[in-house]
$ cat start_29.cif   # mmCIF, C-alpha atoms, pLDDT in the B column; chains and numbers go by the auth columns
data_coords
loop_
_atom_site.group_PDB
_atom_site.id
_atom_site.type_symbol
_atom_site.label_atom_id
_atom_site.label_comp_id
_atom_site.label_asym_id
_atom_site.label_seq_id
_atom_site.Cartn_x
_atom_site.Cartn_y
_atom_site.Cartn_z
_atom_site.B_iso_or_equiv
_atom_site.auth_seq_id
_atom_site.auth_asym_id
ATOM 1 C CA MET A 1 0.000 0.000 0.000 61.00 29 Y
ATOM 2 C CA ASP A 2 2.763 2.421 1.068 77.00 30 Y
ATOM 3 C CA LYS A 3 4.918 1.375 -1.871 83.00 31 Y
ATOM 4 C CA ILE A 4 2.173 2.200 -4.410 88.00 32 Y
ATOM 5 C CA ARG A 5 1.492 5.519 -2.748 87.00 33 Y
ATOM 6 C CA ASN A 6 5.219 6.358 -2.602 86.00 34 Y
ATOM 7 C CA GLN A 7 5.472 5.652 -6.330 91.00 35 Y
ATOM 8 C CA LYS A 8 2.468 7.904 -6.928 92.00 36 Y
ATOM 9 C CA ILE A 9 4.127 10.736 -4.991 92.00 37 Y
ATOM 10 C CA ALA A 10 7.375 10.270 -6.918 92.00 38 Y
ATOM 11 C CA LYS A 11 5.412 10.551 -10.185 94.00 39 Y
ATOM 12 C CA GLN A 12 3.596 13.669 -8.936 95.00 40 Y
ATOM 13 C CA VAL A 13 6.951 15.287 -8.016 94.00 41 Y
ATOM 14 C CA GLU A 14 8.216 14.555 -11.537 93.00 42 Y
ATOM 15 C CA ARG A 15 5.080 16.124 -13.028 95.00 43 Y
ATOM 16 C CA TRP A 16 5.437 19.257 -10.871 95.00 44 Y
ATOM 17 C CA ASP A 17 9.095 19.462 -11.914 93.00 45 Y
ATOM 18 C CA LEU A 18 8.181 19.269 -15.608 92.00 46 Y
ATOM 19 C CA PHE A 19 5.345 21.774 -15.134 94.00 47 Y
ATOM 20 C CA ALA A 20 7.663 24.271 -13.394 93.00 48 Y
ATOM 21 C CA ARG A 21 10.254 23.823 -16.141 92.00 49 Y
ATOM 22 C CA LEU A 22 7.957 24.343 -19.137 93.00 50 Y
ATOM 23 C CA THR A 23 4.957 26.474 -18.142 94.00 51 Y
ATOM 24 C CA PRO A 24 6.621 29.891 -17.534 94.00 52 Y
ATOM 25 C CA THR A 25 8.506 29.837 -20.854 95.00 53 Y
ATOM 26 C CA LEU A 26 5.514 28.492 -22.799 95.00 54 Y
ATOM 27 C CA PHE A 27 3.171 31.058 -21.254 95.00 55 Y
ATOM 28 C CA LEU A 28 5.591 33.960 -21.863 95.00 56 Y
ATOM 29 C CA MET A 29 6.204 32.993 -25.505 95.00 57 Y
ATOM 30 C CA THR A 30 2.546 32.295 -26.286 95.00 58 Y
ATOM 31 C CA SER A 31 1.222 35.450 -24.647 94.00 59 Y
ATOM 32 C CA LEU A 32 3.922 37.646 -26.281 92.00 60 Y
ATOM 33 C CA LEU A 33 3.054 36.237 -29.721 94.00 61 Y
ATOM 34 C CA LEU A 34 -0.695 36.622 -29.149 94.00 62 Y
ATOM 35 C CA VAL A 35 -0.287 40.203 -27.891 91.00 63 Y
ATOM 36 C CA VAL A 36 2.168 41.234 -30.639 89.00 64 Y
ATOM 37 C CA PHE A 37 -0.125 39.868 -33.376 91.00 65 Y
ATOM 38 C CA ASP A 38 -3.148 41.501 -31.687 89.00 66 Y
ATOM 39 C CA VAL A 39 -4.998 38.216 -31.135 93.00 67 Y
ATOM 40 C CA VAL A 40 -5.665 39.059 -27.476 92.00 68 Y
ATOM 41 C CA PRO A 41 -5.348 42.408 -25.664 91.00 69 Y
ATOM 42 C CA LEU A 42 -2.545 42.737 -23.133 90.00 70 Y
ATOM 43 C CA GLU A 43 -5.087 43.055 -20.332 90.00 71 Y
ATOM 44 C CA TYR A 44 -6.521 39.576 -21.097 92.00 72 Y
ATOM 45 C CA ALA A 45 -3.038 38.024 -21.168 93.00 73 Y
ATOM 46 C CA PHE A 46 -2.305 39.671 -17.802 93.00 74 Y
ATOM 47 C CA TYR A 47 -5.489 38.343 -16.183 94.00 75 Y
ATOM 48 C CA ILE A 48 -5.043 34.850 -17.687 94.00 76 Y
ATOM 49 C CA GLY A 49 -1.477 34.805 -16.289 94.00 77 Y
ATOM 50 C CA LEU A 50 -2.661 36.031 -12.900 94.00 78 Y
ATOM 51 C CA THR A 51 -5.406 33.365 -12.769 96.00 79 Y
ATOM 52 C CA GLY A 52 -2.960 30.621 -13.791 95.00 80 Y
ATOM 53 C CA PHE A 53 -0.471 31.805 -11.191 93.00 81 Y
ATOM 54 C CA ALA A 54 -3.142 31.795 -8.461 96.00 82 Y
ATOM 55 C CA ILE A 55 -4.499 28.342 -9.409 96.00 83 Y
ATOM 56 C CA THR A 56 -0.957 26.894 -9.504 95.00 84 Y
ATOM 57 C CA ALA A 57 -0.060 28.437 -6.151 96.00 85 Y
ATOM 58 C CA VAL A 58 -3.205 27.127 -4.412 97.00 86 Y
ATOM 59 C CA SER A 59 -2.949 23.618 -5.983 97.00 87 Y
ATOM 60 C CA TRP A 60 0.733 23.323 -5.103 96.00 88 Y
ATOM 61 C CA TRP A 61 0.096 24.514 -1.555 97.00 89 Y
ATOM 62 C CA TRP A 62 -2.582 21.859 -0.897 97.00 90 Y
ATOM 63 C CA TRP A 63 -0.566 19.136 -2.639 96.00 91 Y
ATOM 64 C CA ALA A 64 2.471 20.027 -0.462 96.00 92 Y
ATOM 65 C CA ILE A 65 0.400 19.980 2.741 96.00 93 Y
ATOM 66 C CA PHE A 66 -1.149 16.540 1.994 95.00 94 Y
ATOM 67 C CA THR A 67 2.188 15.087 0.868 94.00 95 Y
ATOM 68 C CA ILE A 68 4.055 16.371 3.925 95.00 96 Y
ATOM 69 C CA ARG A 69 1.318 14.986 6.190 94.00 97 Y
ATOM 70 C CA TYR A 70 1.601 11.579 4.487 93.00 98 Y
ATOM 71 C CA LEU A 71 5.425 11.624 4.698 92.00 99 Y
ATOM 72 C CA ILE A 72 5.291 12.495 8.402 94.00 100 Y
ATOM 73 C CA THR A 73 2.857 9.591 9.009 92.00 101 Y
ATOM 74 C CA VAL A 74 5.162 7.180 7.132 91.00 102 Y
ATOM 75 C CA LEU A 75 8.225 8.495 8.965 92.00 103 Y
ATOM 76 C CA SER A 76 6.550 8.220 12.351 94.00 104 Y
ATOM 77 C CA ARG A 77 5.356 4.651 11.607 92.00 105 Y
ATOM 78 C CA ALA A 78 8.849 3.651 10.431 92.00 106 Y
ATOM 79 C CA SER A 79 10.398 5.199 13.538 94.00 107 Y
ATOM 80 C CA SER A 80 7.936 3.361 15.815 94.00 108 Y
ATOM 81 C CA ASN A 81 8.635 0.033 14.036 93.00 109 Y
ATOM 82 C CA LEU A 82 12.394 0.584 14.394 94.00 110 Y
ATOM 83 C CA THR A 83 11.959 1.214 18.130 94.00 111 Y
ATOM 84 C CA ASP A 84 9.994 -2.060 18.437 94.00 112 Y
ATOM 85 C CA VAL A 85 12.733 -3.956 16.582 95.00 113 Y
ATOM 86 C CA ASN A 86 15.384 -2.349 18.799 94.00 114 Y
ATOM 87 C CA ASP A 87 13.493 -3.379 21.955 94.00 115 Y
ATOM 88 C CA GLU A 88 13.114 -6.943 20.679 95.00 116 Y
ATOM 89 C CA ILE A 89 16.846 -7.161 19.886 95.00 117 Y
ATOM 90 C CA LYS A 90 17.610 -6.025 23.439 94.00 118 Y
ATOM 91 C CA ILE A 91 15.342 -8.771 24.833 94.00 119 Y
ATOM 92 C CA VAL A 92 16.938 -11.416 22.576 94.00 120 Y
ATOM 93 C CA LYS A 93 20.442 -10.229 23.611 94.00 121 Y
ATOM 94 C CA LYS A 94 19.466 -10.479 27.292 92.00 122 Y
ATOM 95 C CA GLU A 95 18.012 -13.969 26.801 93.00 123 Y
ATOM 96 C CA LEU A 96 21.183 -15.093 24.986 93.00 124 Y
ATOM 97 C CA ALA A 97 23.339 -13.733 27.808 92.00 125 Y
ATOM 98 C CA ASP A 98 21.157 -15.579 30.400 90.00 126 Y
ATOM 99 C CA LEU A 99 21.508 -18.843 28.428 89.00 127 Y
ATOM 100 C CA LYS A 100 25.306 -18.494 28.341 86.00 128 Y
ATOM 101 C CA ARG A 101 25.538 -18.234 32.145 78.00 129 Y
ATOM 102 C CA MET B 1 19.978 10.641 -24.237 73.00 30 E
ATOM 103 C CA ASN B 2 23.033 9.988 -22.075 84.00 31 E
ATOM 104 C CA ASP B 3 23.410 11.174 -18.523 87.00 32 E
ATOM 105 C CA LYS B 4 25.559 14.201 -19.361 90.00 33 E
ATOM 106 C CA THR B 5 23.165 15.475 -22.046 91.00 34 E
ATOM 107 C CA TYR B 6 20.208 14.902 -19.728 88.00 35 E
ATOM 108 C CA ARG B 7 21.882 16.980 -16.999 90.00 36 E
ATOM 109 C CA LEU B 8 22.705 19.751 -19.465 92.00 37 E
ATOM 110 C CA VAL B 9 19.140 19.853 -20.794 90.00 38 E
ATOM 111 C CA LYS B 10 17.791 19.900 -17.225 88.00 39 E
ATOM 112 C CA ALA B 11 20.118 22.753 -16.221 91.00 40 E
ATOM 113 C CA ALA B 12 19.276 24.745 -19.375 92.00 41 E
ATOM 114 C CA THR B 13 15.517 24.345 -18.880 91.00 42 E
ATOM 115 C CA ASN B 14 15.958 25.375 -15.231 92.00 43 E
ATOM 116 C CA ILE B 15 17.725 28.600 -16.253 94.00 44 E
ATOM 117 C CA ILE B 16 15.276 29.404 -19.083 94.00 45 E
ATOM 118 C CA SER B 17 12.288 28.714 -16.855 94.00 46 E
ATOM 119 C CA GLY B 18 13.746 30.892 -14.063 94.00 47 E
ATOM 120 C CA LEU B 19 14.416 33.769 -16.455 95.00 48 E
ATOM 121 C CA SER B 20 10.906 33.459 -17.933 95.00 49 E
ATOM 122 C CA MET B 21 9.380 33.504 -14.458 94.00 50 E
ATOM 123 C CA ALA B 22 11.426 36.601 -13.518 95.00 51 E
ATOM 124 C CA THR B 23 10.350 38.321 -16.778 94.00 52 E
ATOM 125 C CA ILE B 24 6.678 37.474 -16.166 94.00 53 E
ATOM 126 C CA ILE B 25 6.841 38.852 -12.606 94.00 54 E
ATOM 127 C CA VAL B 26 8.686 42.066 -13.640 94.00 55 E
ATOM 128 C CA LEU B 27 6.279 42.710 -16.541 93.00 56 E
ATOM 129 C CA GLY B 28 3.258 41.909 -14.349 93.00 57 E
ATOM 130 C CA VAL B 29 4.329 44.334 -11.607 94.00 58 E
ATOM 131 C CA ALA B 30 5.217 47.028 -14.203 94.00 59 E
ATOM 132 C CA TYR B 31 1.815 46.582 -15.884 93.00 60 E
ATOM 133 C CA MET B 32 -0.083 46.873 -12.577 93.00 61 E
ATOM 134 C CA SER B 33 1.874 49.998 -11.634 93.00 62 E
ATOM 135 C CA PHE B 34 1.266 51.559 -15.094 94.00 63 E
ATOM 136 C CA ASN B 35 -2.400 50.526 -15.107 92.00 64 E
ATOM 137 C CA ASN B 36 -3.141 52.085 -11.715 92.00 65 E
ATOM 138 C CA ALA B 37 -1.173 55.323 -12.143 92.00 66 E
ATOM 139 C CA PHE B 38 -2.870 58.650 -12.790 92.00 67 E
ATOM 140 C CA VAL B 39 -1.624 60.680 -15.748 92.00 68 E
ATOM 141 C CA PHE B 40 -0.656 63.733 -13.687 91.00 69 E
ATOM 142 C CA GLN B 41 0.749 63.825 -10.180 89.00 70 E
ATOM 143 C CA ASP B 42 0.930 66.804 -7.782 89.00 71 E
ATOM 144 C CA ILE B 43 -1.489 68.573 -10.103 91.00 72 E
ATOM 145 C CA LYS B 44 -3.091 71.956 -9.580 93.00 73 E
ATOM 146 C CA ILE B 45 -5.365 73.854 -12.010 94.00 74 E
ATOM 147 C CA GLU B 46 -6.561 77.424 -11.438 94.00 75 E
ATOM 148 C CA ILE B 47 -8.356 80.129 -13.377 93.00 76 E
ATOM 149 C CA THR B 48 -6.057 83.146 -13.134 92.00 77 E
ATOM 150 C CA ASN B 49 -8.345 85.980 -14.284 90.00 78 E
ATOM 151 C CA ASN B 50 -11.392 85.691 -11.999 85.00 79 E
ATOM 152 C CA PRO B 51 -13.762 87.477 -12.404 90.00 80 E
ATOM 153 C CA VAL B 52 -13.735 87.083 -16.193 90.00 81 E
ATOM 154 C CA ASP B 53 -14.935 90.350 -17.717 88.00 82 E
ATOM 155 C CA THR B 54 -16.629 90.758 -21.108 85.00 83 E
ATOM 156 C CA THR B 55 -13.398 91.459 -23.015 87.00 84 E
ATOM 157 C CA ARG B 56 -11.381 88.417 -21.809 88.00 85 E
ATOM 158 C CA ASP B 57 -11.400 84.651 -22.267 91.00 86 E
ATOM 159 C CA ILE B 58 -11.128 82.200 -19.360 93.00 87 E
ATOM 160 C CA GLU B 59 -7.402 81.789 -18.591 94.00 88 E
ATOM 161 C CA PHE B 60 -6.375 78.467 -17.086 94.00 89 E
ATOM 162 C CA MET B 61 -3.044 77.631 -15.513 93.00 90 E
ATOM 163 C CA MET B 62 -1.896 74.161 -14.564 92.00 91 E
ATOM 164 C CA ILE B 63 1.108 72.764 -12.760 91.00 92 E
ATOM 165 C CA GLY B 64 1.869 69.070 -12.374 90.00 93 E
ATOM 166 C CA SER B 65 4.140 66.315 -13.572 90.00 94 E
ATOM 167 C CA LYS B 66 3.606 63.148 -15.572 90.00 95 E
ATOM 168 C CA LYS B 67 5.120 59.802 -14.625 89.00 96 E
ATOM 169 C CA TYR B 68 4.707 58.204 -18.057 91.00 97 E
ATOM 170 C CA GLU B 69 4.798 59.292 -21.688 91.00 98 E
ATOM 171 C CA CYS B 70 1.209 60.426 -22.327 91.00 99 E
ATOM 172 C CA ASN B 71 -0.292 62.324 -25.227 88.00 100 E
ATOM 173 C CA SER B 72 -3.637 64.087 -24.866 88.00 101 E
ATOM 174 C CA THR B 73 -6.306 63.199 -27.410 90.00 102 E
ATOM 175 C CA ARG B 74 -9.148 65.336 -26.062 90.00 103 E
ATOM 176 C CA VAL B 75 -9.394 68.042 -23.399 91.00 104 E
ATOM 177 C CA TYR B 76 -12.663 69.663 -22.370 93.00 105 E
ATOM 178 C CA GLY B 77 -14.316 71.361 -19.420 94.00 106 E
ATOM 179 C CA VAL B 78 -17.779 71.640 -17.938 94.00 107 E
ATOM 180 C CA ALA B 79 -18.772 74.687 -15.877 94.00 108 E
ATOM 181 C CA TYR B 80 -21.434 73.855 -13.287 94.00 109 E
ATOM 182 C CA ALA B 81 -23.447 76.728 -11.806 91.00 110 E
ATOM 183 C CA GLU B 82 -22.847 76.880 -8.058 88.00 111 E
ATOM 184 C CA ASP B 83 -26.565 76.450 -7.314 86.00 112 E
ATOM 185 C CA GLY B 84 -26.576 73.294 -9.478 85.00 113 E
ATOM 186 C CA SER B 85 -29.270 74.671 -11.778 88.00 114 E
ATOM 187 C CA HIS B 86 -27.370 74.432 -15.097 89.00 115 E
ATOM 188 C CA SER B 87 -24.029 73.755 -16.756 91.00 116 E
ATOM 189 C CA HIS B 88 -22.042 74.920 -19.803 91.00 117 E
ATOM 190 C CA ASP B 89 -19.552 73.002 -21.924 92.00 118 E
ATOM 191 C CA LEU B 90 -16.148 74.614 -22.327 91.00 119 E
ATOM 192 C CA ASP B 91 -14.542 73.329 -25.519 87.00 120 E
ATOM 193 C CA LEU B 92 -13.456 76.361 -27.515 89.00 121 E
ATOM 194 C CA PHE B 93 -9.734 76.912 -27.069 91.00 122 E
ATOM 195 C CA THR B 94 -8.500 80.398 -27.923 90.00 123 E
ATOM 196 C CA GLN B 95 -4.967 79.558 -26.812 84.00 124 E
ATOM 197 C CA GLN B 96 -3.652 75.997 -26.857 84.00 125 E
ATOM 198 C CA TYR B 97 -1.789 74.227 -24.055 84.00 126 E
ATOM 199 C CA THR B 98 1.704 72.761 -24.493 79.00 127 E
ATOM 200 C CA ARG B 99 1.441 69.142 -25.623 77.00 128 E
ATOM 201 C CA ASN B 100 3.757 66.191 -25.048 76.00 129 E
ATOM 202 C CA VAL B 101 5.327 67.585 -21.885 78.00 130 E
ATOM 203 C CA ARG B 102 8.283 65.365 -20.901 80.00 131 E
ATOM 204 C CA PRO B 103 7.634 62.813 -18.130 84.00 132 E
ATOM 205 C CA GLY B 104 8.978 63.671 -14.687 82.00 133 E
ATOM 206 C CA GLU B 105 9.279 67.419 -15.334 79.00 134 E
ATOM 207 C CA GLU B 106 7.075 69.845 -13.461 83.00 135 E
ATOM 208 C CA MET B 107 6.228 72.439 -16.064 79.00 136 E
ATOM 209 C CA PRO B 108 3.571 75.167 -15.870 85.00 137 E
ATOM 210 C CA ASN B 109 1.051 74.834 -18.665 88.00 138 E
ATOM 211 C CA GLN B 110 -1.623 77.313 -19.661 90.00 139 E
ATOM 212 C CA TRP B 111 -4.525 77.634 -22.042 92.00 140 E
ATOM 213 C CA HIS B 112 -7.402 80.014 -22.734 93.00 141 E
ATOM 214 C CA MET B 113 -11.011 79.048 -23.393 93.00 142 E
ATOM 215 C CA LYS B 114 -13.820 81.158 -24.782 91.00 143 E
ATOM 216 C CA VAL B 115 -16.696 82.026 -22.463 91.00 144 E
ATOM 217 C CA PRO B 116 -19.730 80.125 -23.861 89.00 145 E
ATOM 218 C CA GLY B 117 -22.167 82.304 -25.747 86.00 146 E
ATOM 219 C CA ASP B 118 -25.105 81.267 -23.552 84.00 147 E
ATOM 220 C CA MET B 119 -23.346 82.263 -20.295 84.00 148 E
ATOM 221 C CA ILE B 120 -25.098 85.656 -20.492 83.00 149 E
ATOM 222 C CA SER B 121 -26.058 86.247 -16.900 83.00 150 E
ATOM 223 C CA GLY B 122 -22.601 85.340 -15.521 83.00 151 E
ATOM 224 C CA GLY B 123 -22.211 84.144 -11.948 88.00 152 E
ATOM 225 C CA VAL B 124 -20.173 81.711 -9.924 92.00 153 E
ATOM 226 C CA TYR B 125 -19.318 78.326 -11.450 93.00 154 E
ATOM 227 C CA ARG B 126 -17.298 75.225 -10.560 94.00 155 E
ATOM 228 C CA VAL B 127 -15.356 73.902 -13.536 94.00 156 E
ATOM 229 C CA SER B 128 -14.369 70.265 -14.136 95.00 157 E
ATOM 230 C CA MET B 129 -11.506 69.868 -16.619 94.00 158 E
ATOM 231 C CA THR B 130 -11.146 66.413 -18.180 94.00 159 E
ATOM 232 C CA GLY B 131 -8.296 65.119 -20.310 92.00 160 E
ATOM 233 C CA ASP B 132 -8.258 61.904 -22.355 93.00 161 E
ATOM 234 C CA PHE B 133 -4.775 60.520 -22.975 92.00 162 E
ATOM 235 C CA VAL B 134 -2.918 57.701 -24.659 93.00 163 E
ATOM 236 C CA CYS B 135 -0.024 56.589 -22.457 93.00 164 E
ATOM 237 C CA ASN B 136 2.993 54.426 -23.292 91.00 165 E
ATOM 238 C CA TYR B 137 5.359 52.556 -21.005 91.00 166 E
ATOM 239 C CA LEU B 138 7.801 49.791 -22.031 88.00 167 E
ATOM 240 C CA ILE B 139 5.659 47.484 -24.207 86.00 168 E
ATOM 241 C CA PHE B 140 2.358 48.769 -22.802 90.00 169 E
ATOM 242 C CA THR B 141 -0.067 51.277 -24.328 89.00 170 E
ATOM 243 C CA GLN B 142 -3.224 52.387 -22.587 91.00 171 E
ATOM 244 C CA GLU B 143 -5.951 54.990 -22.844 93.00 172 E
ATOM 245 C CA LYS B 144 -6.428 56.990 -19.650 94.00 173 E
ATOM 246 C CA SER B 145 -8.692 59.772 -18.503 94.00 174 E
ATOM 247 C CA GLN B 146 -8.207 62.222 -15.654 94.00 175 E
ATOM 248 C CA THR B 147 -10.581 64.861 -14.289 94.00 176 E
ATOM 249 C CA TYR B 148 -9.782 67.825 -12.081 94.00 177 E
ATOM 250 C CA ASP B 149 -12.884 69.179 -10.326 92.00 178 E
ATOM 251 C CA ASN B 150 -13.941 72.234 -8.439 92.00 179 E
ATOM 252 C CA ILE B 151 -12.035 75.014 -10.215 94.00 180 E
ATOM 253 C CA LEU B 152 -13.623 78.314 -9.246 93.00 181 E
ATOM 254 C CA LEU B 153 -14.882 80.419 -12.161 93.00 182 E
ATOM 255 C CA ILE B 154 -16.517 83.817 -11.736 93.00 183 E
ATOM 256 C CA VAL B 155 -17.986 85.375 -14.854 90.00 184 E
ATOM 257 C CA ASP B 156 -19.239 88.938 -15.153 89.00 185 E
ATOM 258 C CA PRO B 157 -22.648 89.360 -16.848 85.00 186 E
ATOM 259 C CA ARG B 158 -22.328 89.744 -20.620 76.00 187 E
#

$ encode --input "start_29.cif" --output "structure tokens"
Amino acid sequence: MDKIRNQKIAKQVERWDLFARLTPTLFLMTSLLLVVFDVVPLEYAFYIGLTGFAITAVSWWWWAIFTIRYLITVLSRASSNLTDVNDEIKIVKKELADLKR
Amino acid sequence: MNDKTYRLVKAATNIISGLSMATIIVLGVAYMSFNNAFVFQDIKIEITNNPVDTTRDIEFMMIGSKKYECNSTRVYGVAYAEDGSHSHDLDLFTQQYTRNVRPGEEMPNQWHMKVPGDMISGGVYRVSMTGDFVCNYLIFTQEKSQTYDNILLIVDPR
């Protein structure tokens, strides 16, 4: 279950990375061409950019919050399991030492 | 694509994307600042020959500075009677104002306007002067309008 979800998060990170790499340049080039050739007024390009920026910021924010929450849960579970293993090793060590005596 | 090429492409797209983002932000902030700015700052308009007698035109004087390159396309005034009963359009220039004043320079500007023919009884008026402009800044062009209200005008009976 965790493995599938971890893979999903890795894929999402890759998608965000690609989005951050391509979108600003694509948007700048497209809007400059559209404005220069008078297809859309500058005001429209500005408001489309502003809307895109706002939607991206809000989506990224929520994605980051949910992902961090999931990572903290996984980390805490892993830490708790490690503590259990450590305790069990201590018990086994003690039992081995008792047997040797 | 080998590892070295992949790294180079990744680094190049990072730089291009960063520069594009910086350009978008700079242009966005510049556009908002240009869009919200008034044509004239620290502006003052007065009528210098109150009361206007029968032999003179209305003489306006203005002082103010422009932040951006703006060219006026239409300038007109409306004189409202102080009791609010009627108004007169002021659109006959007998002396033109200086056009295309350089941005950032505070330069006195003056113009004369003819007293409207139907302002026979004279009296006290409040004039609103309105200017329509086309302004340019970097890659932006925009039409703007600015009104200056409450200029005291006293006209002698004709």

$ axis_aligned_box --input "start_29.cif" --around "segment 160-172 of chain E" --padding-each-side "5 Å" --output "lines of an AutoDock Vina configuration file"
center_x = -0.2
center_y = 56.3
center_z = -22.5
size_x = 26.1
size_y = 27.6
size_z = 14.3

$ residues_near_point --input "start_29.cif" --point "(7.2, 63.2, -8.4)" --cutoff "10 Å" --atoms "all atoms listed in the file" --output "ChimeraX atom specification"
/E:69-71,93-96,132-135

$ write_last_selection --input "start_29.cif" --atoms "C-alpha atoms" --output "PDB file, keeping the file's coordinate frame"
ATOM      1  CA  PHE E  69      -0.656  63.733 -13.687  1.00 91.00           C
ATOM      2  CA  GLN E  70       0.749  63.825 -10.180  1.00 89.00           C
ATOM      3  CA  ASP E  71       0.930  66.804  -7.782  1.00 89.00           C
ATOM      4  CA  GLY E  93       1.869  69.070 -12.374  1.00 90.00           C
ATOM      5  CA  SER E  94       4.140  66.315 -13.572  1.00 90.00           C
ATOM      6  CA  LYS E  95       3.606  63.148 -15.572  1.00 90.00           C
ATOM      7  CA  LYS E  96       5.120  59.802 -14.625  1.00 89.00           C
ATOM      8  CA  PRO E 132       7.634  62.813 -18.130  1.00 84.00           C
ATOM      9  CA  GLY E 133       8.978  63.671 -14.687  1.00 82.00           C
ATOM     10  CA  GLU E 134       9.279  67.419 -15.334  1.00 79.00           C
ATOM     11  CA  GLU E 135       7.075  69.845 -13.461  1.00 83.00           C
TER      12      GLU E 135
END

$ resolve_selection --input "start_29.cif" --expression "the PyMOL selection byres ((chain Y) within 6 of (chain E))" --output "PDB file with C-alpha atoms, keeping the file's coordinate frame"
ATOM      1  CA  ARG Y  49      10.254  23.823 -16.141  1.00 92.00           C
ATOM      2  CA  PRO Y  52       6.621  29.891 -17.534  1.00 94.00           C
ATOM      3  CA  THR Y  53       8.506  29.837 -20.854  1.00 95.00           C
TER       4      THR Y  53
END

$ atom_distance --input "start_29.cif" --atom1 "atom CA of Arg33 of chain Y" --atom2 "atom CA of Ile83 of chain Y"
24.5 Å

$ residues_around --input "start_29.cif" --residues "Val102 of chain Y" --least-positions-apart "6" --cutoff "12 Å" --atoms "all atoms listed in the file" --output "number ranges by chain"
Y: 29-31, 33-34, 95-96, 108-109

$ resolve_selection --input "start_29.cif" --expression "the PyMOL selection byres ((chain E and resi 79-87) around 8)" --output "PyMOL selection string"
chain E and resi 76-78+88-89+123+141-144+182-187

$ closest_residue --input "start_29.cif" --among "E:Asn165, E:Ser157, E:Asn138, E:Ser62" --to "Tyr97 of chain E" --atoms "all atoms listed in the file"
E:Asn165

$ closest_residue --input "start_29.cif" --among "E:Asp32, E:Phe162, E:Asn65, E:Lys73" --to "Met136 of chain E" --atoms "all atoms listed in the file"
E:Lys73

$ atom_distance --input "start_29.cif" --atom1 "atom CA of Asn114 of chain Y" --atom2 "atom CA of Lys128 of chain Y"
21.2 Å

$ decode --input "start_29.cif" --residues "segment 121-133 of chain E" --atoms "N, CA and C atoms" --output "PDB file, in the first residue's frame"
ATOM      1  N   LEU E 121     -14.029  75.502 -26.473  1.00  0.00           N
ATOM      2  CA  LEU E 121     -13.456  76.361 -27.515  1.00  0.00           C
ATOM      3  C   LEU E 121     -12.139  76.962 -27.018  1.00  0.00           C
ATOM      4  N   PHE E 122     -11.051  76.422 -27.501  1.00  0.00           N
ATOM      5  CA  PHE E 122      -9.734  76.912 -27.069  1.00  0.00           C
ATOM      6  C   PHE E 122      -9.361  78.149 -27.890  1.00  0.00           C
ATOM      7  N   THR E 123      -9.004  79.223 -27.193  1.00  0.00           N
ATOM      8  CA  THR E 123      -8.500  80.398 -27.923  1.00  0.00           C
ATOM      9  C   THR E 123      -6.982  80.472 -27.811  1.00  0.00           C
ATOM     10  N   GLN E 124      -6.431  79.714 -26.876  1.00  0.00           N
ATOM     11  CA  GLN E 124      -4.967  79.558 -26.812  1.00  0.00           C
ATOM     12  C   GLN E 124      -4.697  78.124 -26.372  1.00  0.00           C
ATOM     13  N   GLN E 125      -3.880  77.418 -27.128  1.00  0.00           N
ATOM     14  CA  GLN E 125      -3.652  75.997 -26.857  1.00  0.00           C
ATOM     15  C   GLN E 125      -2.654  75.787 -25.716  1.00  0.00           C
ATOM     16  N   TYR E 126      -2.736  74.643 -25.090  1.00  0.00           N
ATOM     17  CA  TYR E 126      -1.789  74.227 -24.055  1.00  0.00           C
ATOM     18  C   TYR E 126      -0.586  73.538 -24.701  1.00  0.00           C
ATOM     19  N   THR E 127       0.515  73.452 -23.966  1.00  0.00           N
ATOM     20  CA  THR E 127       1.704  72.761 -24.493  1.00  0.00           C
ATOM     21  C   THR E 127       1.457  71.264 -24.439  1.00  0.00           C
ATOM     22  N   ARG E 128       1.682  70.600 -25.570  1.00  0.00           N
ATOM     23  CA  ARG E 128       1.441  69.142 -25.623  1.00  0.00           C
ATOM     24  C   ARG E 128       2.741  68.379 -25.478  1.00  0.00           C
ATOM     25  N   ASN E 129       2.600  67.107 -25.184  1.00  0.00           N
ATOM     26  CA  ASN E 129       3.757  66.191 -25.048  1.00  0.00           C
ATOM     27  C   ASN E 129       4.823  66.696 -24.084  1.00  0.00           C
ATOM     28  N   VAL E 130       4.369  67.169 -22.920  1.00  0.00           N
ATOM     29  CA  VAL E 130       5.327  67.585 -21.885  1.00  0.00           C
ATOM     30  C   VAL E 130       6.120  66.339 -21.459  1.00  0.00           C
ATOM     31  N   ARG E 131       7.433  66.529 -21.241  1.00  0.00           N
ATOM     32  CA  ARG E 131       8.283  65.365 -20.901  1.00  0.00           C
ATOM     33  C   ARG E 131       7.893  64.761 -19.549  1.00  0.00           C
ATOM     34  N   PRO E 132       7.954  63.440 -19.428  1.00  0.00           N
ATOM     35  CA  PRO E 132       7.634  62.813 -18.130  1.00  0.00           C
ATOM     36  C   PRO E 132       8.624  63.229 -17.050  1.00  0.00           C
ATOM     37  N   GLY E 133       8.118  63.384 -15.838  1.00  0.00           N
ATOM     38  CA  GLY E 133       8.978  63.671 -14.687  1.00  0.00           C
ATOM     39  C   GLY E 133       9.296  65.136 -14.484  1.00  0.00           C
TER      40      GLY E 133
END
